[in-house]
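K.L.:
Just protein_27.cif, nothing more (mmCIF, N, CA and C atoms):
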```cif
data_query
#
loop_
_atom_site.label_atom_id
_atom_site.label_comp_id
_atom_site.auth_asym_id
_atom_site.auth_seq_id
_atom_site.Cartn_x
_atom_site.Cartn_y
_atom_site.Cartn_z
N MET A 58 39.80 25.72 96.78
CA MET A 58 40.95 26.55 96.46
C MET A 58 42.21 25.99 97.10
N HIS A 59 43.33 26.38 96.55
CA HIS A 59 44.62 25.89 97.01
C HIS A 59 45.63 27.04 96.95
N ILE A 60 46.34 27.22 98.04
CA ILE A 60 47.38 28.26 98.13
C ILE A 60 48.74 27.59 98.19
N GLU A 61 49.67 28.05 97.35
CA GLU A 61 51.06 27.60 97.43
C GLU A 61 51.90 28.75 97.99
N ILE A 62 52.85 28.38 98.85
CA ILE A 62 53.72 29.37 99.49
C ILE A 62 55.18 29.01 99.22
N ASP A 63 55.95 30.00 98.81
CA ASP A 63 57.37 29.80 98.56
C ASP A 63 58.17 30.95 99.17
N GLN A 64 59.45 30.70 99.35
CA GLN A 64 60.36 31.68 99.95
C GLN A 64 61.56 31.88 99.02
N SER A 65 62.01 33.11 98.93
CA SER A 65 63.30 33.40 98.28
C SER A 65 64.13 34.18 99.29
N GLY A 66 65.34 33.73 99.48
CA GLY A 66 66.21 34.34 100.49
C GLY A 66 65.85 33.81 101.86
N LYS A 67 66.61 32.85 102.32
CA LYS A 67 66.28 32.21 103.61
C LYS A 67 66.34 33.20 104.77
N ILE A 68 65.51 32.96 105.74
CA ILE A 68 65.40 33.82 106.92
C ILE A 68 66.76 33.95 107.63
N GLU A 69 67.47 32.85 107.75
CA GLU A 69 68.72 32.88 108.51
C GLU A 69 69.87 33.55 107.76
N GLN A 70 69.69 33.88 106.49
CA GLN A 70 70.70 34.62 105.74
C GLN A 70 70.50 36.10 106.04
N LEU A 71 71.20 36.58 107.04
CA LEU A 71 70.98 37.93 107.53
C LEU A 71 71.55 39.01 106.61
N ASN A 72 72.29 38.62 105.60
CA ASN A 72 72.85 39.59 104.66
C ASN A 72 71.97 39.76 103.42
N LYS A 73 70.79 39.08 103.40
CA LYS A 73 69.87 39.16 102.26
C LYS A 73 68.45 39.37 102.76
N ASP A 74 67.67 40.06 101.95
CA ASP A 74 66.24 40.17 102.23
C ASP A 74 65.60 38.80 102.04
N SER A 75 64.49 38.58 102.72
CA SER A 75 63.70 37.36 102.53
C SER A 75 62.33 37.75 101.99
N ILE A 76 61.86 36.97 101.05
CA ILE A 76 60.53 37.19 100.48
C ILE A 76 59.74 35.90 100.65
N ILE A 77 58.53 36.06 101.15
CA ILE A 77 57.60 34.94 101.25
C ILE A 77 56.40 35.34 100.41
N ALA A 78 56.01 34.46 99.51
CA ALA A 78 54.93 34.78 98.58
C ALA A 78 53.96 33.62 98.47
N PHE A 79 52.72 33.96 98.17
CA PHE A 79 51.74 32.92 97.88
C PHE A 79 51.07 33.23 96.56
N SER A 80 50.48 32.18 96.00
CA SER A 80 49.72 32.33 94.78
C SER A 80 48.57 31.34 94.78
N ASN A 81 47.43 31.80 94.39
CA ASN A 81 46.27 31.00 93.99
C ASN A 81 45.60 31.88 92.95
N ARG A 82 44.35 32.24 93.11
CA ARG A 82 43.77 33.25 92.21
C ARG A 82 44.42 34.61 92.47
N ASN A 83 44.81 34.83 93.70
CA ASN A 83 45.50 36.05 94.10
C ASN A 83 46.99 35.76 94.24
N GLN A 84 47.76 36.83 94.28
CA GLN A 84 49.18 36.72 94.55
C GLN A 84 49.52 37.78 95.58
N TYR A 85 50.40 37.41 96.51
CA TYR A 85 50.76 38.35 97.56
C TYR A 85 52.18 38.03 98.01
N SER A 86 52.94 39.06 98.32
CA SER A 86 54.31 38.85 98.78
C SER A 86 54.62 39.75 99.96
N VAL A 87 55.44 39.20 100.84
CA VAL A 87 55.90 39.93 102.02
C VAL A 87 57.43 39.94 101.99
N LEU A 88 57.99 41.11 102.13
CA LEU A 88 59.44 41.26 102.18
C LEU A 88 59.84 41.48 103.63
N ILE A 89 60.81 40.70 104.07
CA ILE A 89 61.41 40.90 105.39
C ILE A 89 62.83 41.43 105.11
N PRO A 90 63.03 42.73 105.26
CA PRO A 90 64.34 43.31 104.94
C PRO A 90 65.45 42.74 105.81
N LYS A 91 66.64 42.68 105.24
CA LYS A 91 67.77 42.14 105.99
C LYS A 91 68.02 42.93 107.27
N LEU A 92 67.84 44.25 107.23
CA LEU A 92 68.07 45.05 108.44
C LEU A 92 67.05 44.72 109.54
N VAL A 93 65.83 44.42 109.16
CA VAL A 93 64.81 44.02 110.13
C VAL A 93 65.16 42.66 110.73
N LYS A 94 65.62 41.75 109.89
CA LYS A 94 66.04 40.43 110.40
C LYS A 94 67.22 40.59 111.37
N GLN A 95 68.18 41.43 111.00
CA GLN A 95 69.34 41.64 111.86
C GLN A 95 68.92 42.21 113.21
N GLU A 96 68.01 43.18 113.20
CA GLU A 96 67.52 43.77 114.45
C GLU A 96 66.76 42.74 115.27
N ALA A 97 65.93 41.93 114.62
CA ALA A 97 65.17 40.90 115.33
C ALA A 97 66.12 39.91 115.99
N TYR A 98 67.18 39.54 115.29
CA TYR A 98 68.16 38.61 115.87
C TYR A 98 68.89 39.25 117.05
N LYS A 99 69.21 40.54 116.93
CA LYS A 99 69.87 41.23 118.05
C LYS A 99 68.97 41.25 119.28
N LEU A 100 67.70 41.53 119.06
CA LEU A 100 66.74 41.65 120.17
C LEU A 100 66.38 40.30 120.80
N TYR A 101 66.20 39.28 119.97
CA TYR A 101 65.55 38.06 120.45
C TYR A 101 66.42 36.81 120.47
N LYS A 102 67.58 36.83 119.82
CA LYS A 102 68.41 35.62 119.82
C LYS A 102 68.81 35.27 121.24
N GLY A 103 68.58 34.04 121.61
CA GLY A 103 68.87 33.58 122.96
C GLY A 103 67.70 33.78 123.91
N LYS A 104 66.75 34.62 123.52
CA LYS A 104 65.57 34.87 124.36
C LYS A 104 64.35 34.11 123.85
N ILE A 105 64.26 33.96 122.54
CA ILE A 105 63.14 33.24 121.93
C ILE A 105 63.71 32.05 121.17
N LYS A 106 63.23 30.87 121.53
CA LYS A 106 63.72 29.64 120.90
C LYS A 106 63.21 29.54 119.47
N LYS A 107 64.04 28.94 118.64
CA LYS A 107 63.68 28.66 117.26
C LYS A 107 63.26 29.92 116.50
N LEU A 108 64.02 30.98 116.67
CA LEU A 108 63.69 32.29 116.11
C LEU A 108 63.54 32.26 114.60
N ARG A 109 64.42 31.56 113.89
CA ARG A 109 64.32 31.57 112.42
C ARG A 109 63.00 30.99 111.94
N TYR A 110 62.51 29.93 112.61
CA TYR A 110 61.24 29.32 112.21
C TYR A 110 60.07 30.23 112.56
N ARG A 111 60.19 30.93 113.67
CA ARG A 111 59.14 31.90 114.04
C ARG A 111 59.07 33.03 113.02
N LEU A 112 60.23 33.55 112.60
CA LEU A 112 60.24 34.62 111.61
C LEU A 112 59.67 34.14 110.27
N PHE A 113 59.99 32.91 109.90
CA PHE A 113 59.44 32.32 108.68
C PHE A 113 57.91 32.26 108.78
N CYS A 114 57.41 31.80 109.91
CA CYS A 114 55.96 31.69 110.12
C CYS A 114 55.29 33.06 110.20
N ILE A 115 55.96 34.03 110.77
CA ILE A 115 55.41 35.38 110.81
C ILE A 115 55.27 35.92 109.38
N GLY A 116 56.25 35.67 108.56
CA GLY A 116 56.16 36.07 107.15
C GLY A 116 54.99 35.40 106.45
N ILE A 117 54.81 34.11 106.69
CA ILE A 117 53.68 33.39 106.10
C ILE A 117 52.36 33.95 106.63
N TYR A 118 52.31 34.19 107.94
CA TYR A 118 51.10 34.74 108.55
C TYR A 118 50.70 36.06 107.87
N TYR A 119 51.65 36.98 107.72
CA TYR A 119 51.33 38.26 107.10
C TYR A 119 50.95 38.10 105.63
N CYS A 120 51.48 37.08 105.00
CA CYS A 120 51.11 36.80 103.62
C CYS A 120 49.64 36.34 103.53
N LEU A 121 49.24 35.50 104.44
CA LEU A 121 47.93 34.85 104.37
C LEU A 121 46.79 35.56 105.09
N ARG A 122 47.09 36.35 106.06
CA ARG A 122 46.07 36.79 107.01
C ARG A 122 44.84 37.44 106.40
N ASN A 123 44.95 38.10 105.28
CA ASN A 123 43.79 38.72 104.66
C ASN A 123 43.20 37.89 103.52
N TYR A 124 43.78 36.75 103.24
CA TYR A 124 43.34 35.96 102.09
C TYR A 124 42.85 34.56 102.43
N ILE A 125 43.22 34.08 103.58
CA ILE A 125 42.94 32.69 103.92
C ILE A 125 41.46 32.47 104.24
N ARG A 126 40.99 31.32 103.85
CA ARG A 126 39.68 30.85 104.28
C ARG A 126 39.96 29.62 105.12
N GLU A 127 39.12 29.37 106.10
CA GLU A 127 39.43 28.34 107.10
C GLU A 127 39.55 26.92 106.53
N LYS A 128 39.03 26.67 105.34
CA LYS A 128 39.10 25.32 104.79
C LYS A 128 39.95 25.24 103.53
N GLU A 129 40.71 26.28 103.26
CA GLU A 129 41.52 26.34 102.06
C GLU A 129 42.83 25.59 102.27
N LEU A 130 43.17 24.74 101.33
CA LEU A 130 44.41 23.96 101.42
C LEU A 130 45.62 24.87 101.21
N ILE A 131 46.59 24.75 102.11
CA ILE A 131 47.81 25.55 102.04
C ILE A 131 48.99 24.59 101.89
N THR A 132 49.77 24.76 100.83
CA THR A 132 50.98 23.96 100.64
C THR A 132 52.18 24.88 100.76
N ILE A 133 53.02 24.57 101.73
CA ILE A 133 54.23 25.35 101.99
C ILE A 133 55.43 24.58 101.44
N CYS A 134 56.30 25.28 100.75
CA CYS A 134 57.49 24.65 100.22
C CYS A 134 58.36 24.10 101.35
N CYS A 135 58.94 22.95 101.12
CA CYS A 135 59.78 22.29 102.13
C CYS A 135 61.13 23.02 102.23
N GLU A 136 61.14 24.12 102.92
CA GLU A 136 62.36 24.91 103.09
C GLU A 136 63.24 24.36 104.20
N TYR A 137 62.61 23.79 105.21
CA TYR A 137 63.34 23.34 106.40
C TYR A 137 62.97 21.88 106.68
N LYS A 138 63.68 21.00 106.05
CA LYS A 138 63.42 19.56 106.18
C LYS A 138 63.49 19.13 107.64
N GLY A 139 62.52 18.34 108.05
CA GLY A 139 62.49 17.82 109.41
C GLY A 139 61.86 18.77 110.41
N LYS A 140 61.54 19.98 110.00
CA LYS A 140 60.95 20.98 110.91
C LYS A 140 59.49 21.29 110.54
N GLU A 141 58.90 20.46 109.70
CA GLU A 141 57.53 20.71 109.24
C GLU A 141 56.52 20.77 110.39
N ASN A 142 56.63 19.86 111.34
CA ASN A 142 55.68 19.87 112.47
C ASN A 142 55.82 21.13 113.32
N LEU A 143 57.04 21.54 113.55
CA LEU A 143 57.29 22.77 114.31
C LEU A 143 56.72 23.98 113.56
N ILE A 144 57.00 24.07 112.27
CA ILE A 144 56.52 25.20 111.47
C ILE A 144 54.99 25.22 111.44
N LYS A 145 54.40 24.06 111.26
CA LYS A 145 52.93 23.97 111.24
C LYS A 145 52.35 24.44 112.57
N SER A 146 52.93 24.01 113.66
CA SER A 146 52.46 24.39 115.00
C SER A 146 52.58 25.89 115.23
N LEU A 147 53.73 26.46 114.89
CA LEU A 147 53.95 27.90 115.06
C LEU A 147 53.00 28.70 114.18
N LEU A 148 52.85 28.28 112.93
CA LEU A 148 51.96 28.99 112.02
C LEU A 148 50.52 28.94 112.50
N LEU A 149 50.09 27.80 112.99
CA LEU A 149 48.72 27.69 113.52
C LEU A 149 48.52 28.61 114.72
N ASP A 150 49.54 28.74 115.56
CA ASP A 150 49.44 29.67 116.70
C ASP A 150 49.14 31.09 116.22
N TYR A 151 49.83 31.52 115.17
CA TYR A 151 49.61 32.87 114.65
C TYR A 151 48.25 32.99 113.95
N LEU A 152 47.93 32.02 113.12
CA LEU A 152 46.67 32.08 112.36
C LEU A 152 45.44 31.98 113.25
N ARG A 153 45.54 31.21 114.32
CA ARG A 153 44.38 31.02 115.19
C ARG A 153 44.01 32.26 115.99
N LYS A 154 44.89 33.23 116.02
CA LYS A 154 44.53 34.50 116.66
C LYS A 154 43.40 35.18 115.88
N ASP A 155 43.45 35.03 114.55
CA ASP A 155 42.44 35.63 113.67
C ASP A 155 41.37 34.62 113.22
N TYR A 156 41.76 33.36 113.13
CA TYR A 156 40.88 32.31 112.64
C TYR A 156 40.88 31.15 113.64
N PRO A 157 40.15 31.26 114.74
CA PRO A 157 40.23 30.27 115.82
C PRO A 157 39.85 28.84 115.41
N ARG A 158 39.05 28.71 114.38
CA ARG A 158 38.57 27.37 114.00
C ARG A 158 39.37 26.74 112.87
N ILE A 159 40.49 27.32 112.51
CA ILE A 159 41.27 26.79 111.39
C ILE A 159 41.74 25.37 111.70
N ASP A 160 41.60 24.48 110.73
CA ASP A 160 41.92 23.07 110.89
C ASP A 160 43.40 22.85 110.51
N ALA A 161 44.12 22.16 111.36
CA ALA A 161 45.54 21.88 111.11
C ALA A 161 45.75 21.05 109.84
N LYS A 162 44.75 20.29 109.44
CA LYS A 162 44.88 19.41 108.27
C LYS A 162 45.01 20.17 106.96
N ILE A 163 44.67 21.44 106.95
CA ILE A 163 44.75 22.19 105.68
C ILE A 163 46.18 22.61 105.35
N ILE A 164 47.10 22.52 106.31
CA ILE A 164 48.49 22.93 106.08
C ILE A 164 49.32 21.70 105.74
N ARG A 165 49.94 21.76 104.57
CA ARG A 165 50.77 20.65 104.10
C ARG A 165 52.09 21.20 103.59
N PHE A 166 53.03 20.28 103.42
CA PHE A 166 54.36 20.65 102.93
C PHE A 166 54.67 19.81 101.70
N ASN A 167 55.26 20.45 100.71
CA ASN A 167 55.64 19.75 99.49
C ASN A 167 56.67 20.62 98.77
N ILE A 168 57.29 20.07 97.77
CA ILE A 168 58.23 20.84 96.97
C ILE A 168 57.42 21.77 96.06
N ILE A 169 57.73 23.04 96.12
CA ILE A 169 57.12 24.02 95.23
C ILE A 169 58.15 24.27 94.14
N GLY A 170 57.88 23.78 92.97
CA GLY A 170 58.85 23.86 91.88
C GLY A 170 58.96 25.24 91.26
N LYS A 171 59.90 25.35 90.36
CA LYS A 171 60.15 26.63 89.69
C LYS A 171 59.02 27.03 88.75
N LYS A 172 58.14 26.09 88.43
CA LYS A 172 57.00 26.41 87.56
C LYS A 172 55.82 26.98 88.34
N SER A 173 55.92 26.98 89.66
CA SER A 173 54.85 27.47 90.51
C SER A 173 54.75 29.00 90.41
N ASN A 174 53.53 29.50 90.42
CA ASN A 174 53.33 30.96 90.44
C ASN A 174 53.87 31.57 91.73
N ALA A 175 53.78 30.85 92.84
CA ALA A 175 54.31 31.35 94.11
C ALA A 175 55.82 31.56 94.00
N HIS A 176 56.50 30.62 93.36
CA HIS A 176 57.95 30.76 93.16
C HIS A 176 58.25 31.97 92.27
N ALA A 177 57.46 32.13 91.22
CA ALA A 177 57.68 33.25 90.30
C ALA A 177 57.52 34.59 91.02
N VAL A 178 56.50 34.70 91.85
CA VAL A 178 56.28 35.94 92.60
C VAL A 178 57.45 36.19 93.55
N ALA A 179 57.83 35.17 94.32
CA ALA A 179 58.91 35.31 95.30
C ALA A 179 60.22 35.71 94.64
N ILE A 180 60.56 35.04 93.57
CA ILE A 180 61.85 35.33 92.93
C ILE A 180 61.84 36.69 92.22
N ASP A 181 60.69 37.07 91.67
CA ASP A 181 60.59 38.40 91.04
C ASP A 181 60.79 39.52 92.05
N VAL A 182 60.19 39.38 93.22
CA VAL A 182 60.37 40.39 94.27
C VAL A 182 61.82 40.37 94.75
N PHE A 183 62.37 39.17 94.95
CA PHE A 183 63.75 39.04 95.41
C PHE A 183 64.72 39.73 94.46
N ARG A 184 64.47 39.60 93.17
CA ARG A 184 65.36 40.18 92.15
C ARG A 184 65.08 41.66 91.88
N GLY A 185 64.04 42.19 92.50
CA GLY A 185 63.70 43.59 92.31
C GLY A 185 62.86 43.88 91.09
N ASN A 186 62.31 42.84 90.46
CA ASN A 186 61.48 43.01 89.26
C ASN A 186 60.02 43.31 89.59
N ARG A 187 59.68 43.19 90.84
CA ARG A 187 58.31 43.41 91.29
C ARG A 187 58.37 43.95 92.70
N ARG A 188 57.44 44.81 93.05
CA ARG A 188 57.39 45.34 94.42
C ARG A 188 56.62 44.38 95.32
N PRO A 189 57.06 44.27 96.56
CA PRO A 189 56.29 43.43 97.50
C PRO A 189 54.98 44.11 97.87
N ASN A 190 54.00 43.31 98.26
CA ASN A 190 52.73 43.88 98.72
C ASN A 190 52.88 44.47 100.12
N LYS A 191 53.76 43.88 100.92
CA LYS A 191 53.97 44.36 102.28
C LYS A 191 55.46 44.23 102.62
N ILE A 192 55.96 45.23 103.30
CA ILE A 192 57.33 45.18 103.84
C ILE A 192 57.17 45.12 105.35
N LEU A 193 57.66 44.03 105.93
CA LEU A 193 57.54 43.89 107.38
C LEU A 193 58.50 44.83 108.09
N LEU A 194 57.99 45.41 109.15
CA LEU A 194 58.78 46.25 110.02
C LEU A 194 59.08 45.48 111.30
N LEU A 195 60.04 45.94 112.05
CA LEU A 195 60.37 45.29 113.31
C LEU A 195 59.15 45.26 114.22
N ASN A 196 58.33 46.30 114.21
CA ASN A 196 57.12 46.33 115.04
C ASN A 196 56.13 45.24 114.67
N ASP A 197 56.03 44.88 113.37
CA ASP A 197 55.16 43.79 112.95
C ASP A 197 55.62 42.48 113.58
N ILE A 198 56.91 42.28 113.60
CA ILE A 198 57.48 41.07 114.19
C ILE A 198 57.28 41.07 115.71
N LYS A 199 57.53 42.20 116.33
CA LYS A 199 57.35 42.31 117.79
C LYS A 199 55.91 41.98 118.19
N LYS A 200 54.93 42.48 117.43
CA LYS A 200 53.52 42.22 117.74
C LYS A 200 53.25 40.72 117.75
N CYS A 201 53.75 40.02 116.77
CA CYS A 201 53.51 38.58 116.71
C CYS A 201 54.24 37.84 117.83
N LEU A 202 55.45 38.22 118.11
CA LEU A 202 56.22 37.53 119.14
C LEU A 202 55.65 37.80 120.54
N LYS A 203 55.01 38.93 120.73
CA LYS A 203 54.40 39.24 122.04
C LYS A 203 53.08 38.53 122.24
N LYS A 204 52.44 38.08 121.17
CA LYS A 204 51.13 37.43 121.25
C LYS A 204 51.21 36.00 121.73
N LYS A 205 52.41 35.49 121.95
CA LYS A 205 52.59 34.08 122.30
C LYS A 205 51.71 33.67 123.45
#
```
Rewrite the structure of this file - the entire thing - as structure tokens.
P.N.:
Amino acid sequence: MHIEIDQSGKIEQLNKDSIIAFSNRNQYSVLIPKLVKQEAYKLYKGKIKKLRYRLFCIGIYYCLRNYIREKELITICCEYKGKENLIKSLLLDYLRKDYPRIDAKIIRFNIIGKKSNAHAVAIDVFRGNRRPNKILLLNDIKKCLKKK
């Protein structure tokens, strides 16, 4: 199996909601509301390094946590060029809390095109044409950031 992950509405755009979605046989989307992002930045900016990448990884974690299998290939869209190793490391930290034996080699980065189902899910939720499966709350983010 293969999971593709895409984002609509960048994490650092605090005036817009962010959606992270995946698609394989299943489809799942997580909405991070702009107000939650704003609150997270108020609470943690300057206290937690690389906050935007952590929030991105938290969104991916909540997207995958009930669907991932330890050997399933995960392709994440190249949203943050040059930060792939950091994102992979942060994401593995979150995933290994639930899946201690997950192999780092299953996480890859590539361009997820507009023909991807993951892109279609993310953009549909972003545009309001589809409801997200999960809406992250500030408490969801706090739980992940405290688990460091």
K.L.:
So which residues get picked by the PyMOL selection byres ((chain A and resi 87) around 5) here, written as number ranges by chain?
P.N.:
A: 76-78, 85-86, 88-89, 191
K.L.:
When you draw a straight line from CA of His59 in chain A to CA of Arg82 in chain A, how long is it in Å?
P.N.:
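Interatomic distance, CA of His59 in chain A to CA of Arg82 in chain A: 8.8 Å.
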K.L.:
Give me every helix (DSSP H, G or I) residue in range 106-194 of chain A, going by DSSP on the backbone, as a PyMOL selection string.
P.N.:
chain A and resi 108-121+141-155+161-163+174-183
K.L.:
Set the distance at 8 Å and use only N, CA and C atoms: which residues neighbour range 126-133 of chain A once local chain neighbours fewer than 4 positions away are removed? I'd like the list as a PDB file with N, CA and C atoms, keeping the file's coordinate frame.
P.N.:
```
ATOM      1  N   MET A  58      39.800  25.720  96.780  1.00  0.00           N
ATOM      2  CA  MET A  58      40.950  26.550  96.460  1.00  0.00           C
ATOM      3  C   MET A  58      42.210  25.990  97.100  1.00  0.00           C
ATOM      4  N   HIS A  59      43.330  26.380  96.550  1.00  0.00           N
ATOM      5  CA  HIS A  59      44.620  25.890  97.010  1.00  0.00           C
ATOM      6  C   HIS A  59      45.630  27.040  96.950  1.00  0.00           C
ATOM      7  N   ILE A  60      46.340  27.220  98.040  1.00  0.00           N
ATOM      8  CA  ILE A  60      47.380  28.260  98.130  1.00  0.00           C
ATOM      9  C   ILE A  60      48.740  27.590  98.190  1.00  0.00           C
ATOM     10  N   GLU A  61      49.670  28.050  97.350  1.00  0.00           N
ATOM     11  CA  GLU A  61      51.060  27.600  97.430  1.00  0.00           C
ATOM     12  C   GLU A  61      51.900  28.750  97.990  1.00  0.00           C
ATOM     13  N   ILE A  62      52.850  28.380  98.850  1.00  0.00           N
ATOM     14  CA  ILE A  62      53.720  29.370  99.490  1.00  0.00           C
ATOM     15  C   ILE A  62      55.180  29.010  99.220  1.00  0.00           C
ATOM     16  N   ASP A  63      55.950  30.000  98.810  1.00  0.00           N
ATOM     17  CA  ASP A  63      57.370  29.800  98.560  1.00  0.00           C
ATOM     18  C   ASP A  63      58.170  30.950  99.170  1.00  0.00           C
ATOM     19  N   GLN A  64      59.450  30.700  99.350  1.00  0.00           N
ATOM     20  CA  GLN A  64      60.360  31.680  99.950  1.00  0.00           C
ATOM     21  C   GLN A  64      61.560  31.880  99.020  1.00  0.00           C
ATOM     22  N   LEU A 121      49.240  35.500 104.440  1.00  0.00           N
ATOM     23  CA  LEU A 121      47.930  34.850 104.370  1.00  0.00           C
ATOM     24  C   LEU A 121      46.790  35.560 105.090  1.00  0.00           C
ATOM     25  N   ARG A 122      47.090  36.350 106.060  1.00  0.00           N
ATOM     26  CA  ARG A 122      46.070  36.790 107.010  1.00  0.00           C
ATOM     27  C   ARG A 122      44.840  37.440 106.400  1.00  0.00           C
ATOM     28  N   TYR A 156      41.760  33.360 113.130  1.00  0.00           N
ATOM     29  CA  TYR A 156      40.880  32.310 112.640  1.00  0.00           C
ATOM     30  C   TYR A 156      40.880  31.150 113.640  1.00  0.00           C
ATOM     31  N   ARG A 158      39.050  28.710 114.380  1.00  0.00           N
ATOM     32  CA  ARG A 158      38.570  27.370 114.000  1.00  0.00           C
ATOM     33  C   ARG A 158      39.370  26.740 112.870  1.00  0.00           C
ATOM     34  N   ILE A 159      40.490  27.320 112.510  1.00  0.00           N
ATOM     35  CA  ILE A 159      41.270  26.790 111.390  1.00  0.00           C
ATOM     36  C   ILE A 159      41.740  25.370 111.700  1.00  0.00           C
ATOM     37  N   ASP A 160      41.600  24.480 110.730  1.00  0.00           N
ATOM     38  CA  ASP A 160      41.920  23.070 110.890  1.00  0.00           C
ATOM     39  C   ASP A 160      43.400  22.850 110.510  1.00  0.00           C
ATOM     40  N   LYS A 162      44.750  20.290 109.440  1.00  0.00           N
ATOM     41  CA  LYS A 162      44.880  19.410 108.270  1.00  0.00           C
ATOM     42  C   LYS A 162      45.010  20.170 106.960  1.00  0.00           C
ATOM     43  N   ILE A 163      44.670  21.440 106.950  1.00  0.00           N
ATOM     44  CA  ILE A 163      44.750  22.190 105.680  1.00  0.00           C
ATOM     45  C   ILE A 163      46.180  22.610 105.350  1.00  0.00           C
ATOM     46  N   ILE A 164      47.100  22.520 106.310  1.00  0.00           N
ATOM     47  CA  ILE A 164      48.490  22.930 106.080  1.00  0.00           C
ATOM     48  C   ILE A 164      49.320  21.700 105.740  1.00  0.00           C
ATOM     49  N   ARG A 165      49.940  21.760 104.570  1.00  0.00           N
ATOM     50  CA  ARG A 165      50.770  20.650 104.100  1.00  0.00           C
ATOM     51  C   ARG A 165      52.090  21.200 103.590  1.00  0.00           C
ATOM     52  N   PHE A 166      53.030  20.280 103.420  1.00  0.00           N
ATOM     53  CA  PHE A 166      54.360  20.650 102.930  1.00  0.00           C
ATOM     54  C   PHE A 166      54.670  19.810 101.700  1.00  0.00           C
ATOM     55  N   ASN A 167      55.260  20.450 100.710  1.00  0.00           N
ATOM     56  CA  ASN A 167      55.640  19.750  99.490  1.00  0.00           C
ATOM     57  C   ASN A 167      56.670  20.620  98.770  1.00  0.00           C
ATOM     58  N   ILE A 168      57.290  20.070  97.770  1.00  0.00           N
ATOM     59  CA  ILE A 168      58.230  20.840  96.970  1.00  0.00           C
ATOM     60  C   ILE A 168      57.420  21.770  96.060  1.00  0.00           C
ATOM     61  N   ILE A 169      57.730  23.040  96.120  1.00  0.00           N
ATOM     62  CA  ILE A 169      57.120  24.020  95.230  1.00  0.00           C
ATOM     63  C   ILE A 169      58.150  24.270  94.140  1.00  0.00           C
TER      64      ILE A 169
END
```
K.L.:
What does the structure give for the distance between atom N of Leu71 in chain A and atom N of Tyr124 in chain A, in Å to one decimal?
P.N.:
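Rounded to one decimal, the two atoms are 27.7 Å apart.
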K.L.:
Padding 4 Å on each side, edges along x, y and z: where is the centre of the box around the listed atoms of range 114-132 of chain A, and how long are its edges in Å to one decimal? Output it as AutoDock Vina command-line options.
P.N.:
```
--center_x 48.2 --center_y 31.3 --center_z 105.7 --size_x 26.4 --size_y 22.8 --size_z 18.2
```
K.L.:
Of the residues A:Cys201, A:Ile68, A:Cys114, A:Leu194, which is the one nearest to Val93 in chain A, using only C-alpha atoms?
P.N.:
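Selected residue with least distance to Val93 in chain A: A:Leu194.
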K.L.:
Step by step, work through what the PyMOL selection byres (((chain A and resi 176 and name CA) around 9) and name CA) selects in the shown file, and finish by giving those residues as JSON, numbers by chain.
P.N.:
{"A": [61, 62, 63, 64, 65, 78, 79, 80, 169, 170, 171, 172, 173, 174, 175, 177, 178, 179, 180, 181]}
K.L.:
In Å, with one decimal, what is the gap from atom N of Ile198 in chain A to atom N of Asn72 in chain A?
P.N.:
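Answer for the atom N of Ile198 in chain A to atom N of Asn72 in chain A separation: 17.7 Å.
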K.L.:
Quick one: of A:Ala161, A:Tyr118, A:Lys199, A:Gln84, who's nearest to Ala97 in chain A, counting only N, CA and C atoms?
P.N.:
A:Lys199
K.L.:
Compare A:Leu195, A:Leu143, A:Leu152, A:Gly185 by their minimum atom-to-atom distance to Lys94 in chain A, counting all atoms listed in the file, and give me the closest one.
P.N.:
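Distance minimum relative to Lys94 in chain A lands on A:Leu195.
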K.L.:
Determine the residue set returned by the PyMOL selection byres ((chain A and resi 73) around 7) for the present structure, and present it as a PyMOL selection string.
P.N.:
chain A and resi 66-67+70-72+74-75+89-92
K.L.:
Using only C-alpha atoms, which of the listed residues (A:Lys200, A:Lys106, A:Lys140, A:Arg184) sits closest to Lys154 in chain A?
P.N.:
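Using only C-alpha atoms, the shortest distance to Lys154 in chain A belongs to A:Lys200.
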K.L.:
Report the residues of range 107-192 of chain A whose backbone DSSP state falls under strand (DSSP E), written as a PyMOL selection string.
P.N.:
chain A and resi 130-134+164-167+191-192
K.L.:
Could you check the closest approach to Tyr110 in chain A for each of A:Val182, A:Leu193, A:Ile125, A:Leu147 and tell me which residue wins, using all atoms listed in the file?
P.N.:
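Once distances to Tyr110 in chain A are computed over all atoms listed in the file, the minimum belongs to A:Leu147.
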K.L.:
Select, from A:Glu69, A:Glu136, A:Arg188, A:Arg153, the residue with the minimum atom-to-atom distance to Arg109 in chain A, counting all atoms listed in the file.
P.N.:
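For Arg109 in chain A, the nearest of the candidates is A:Glu69.
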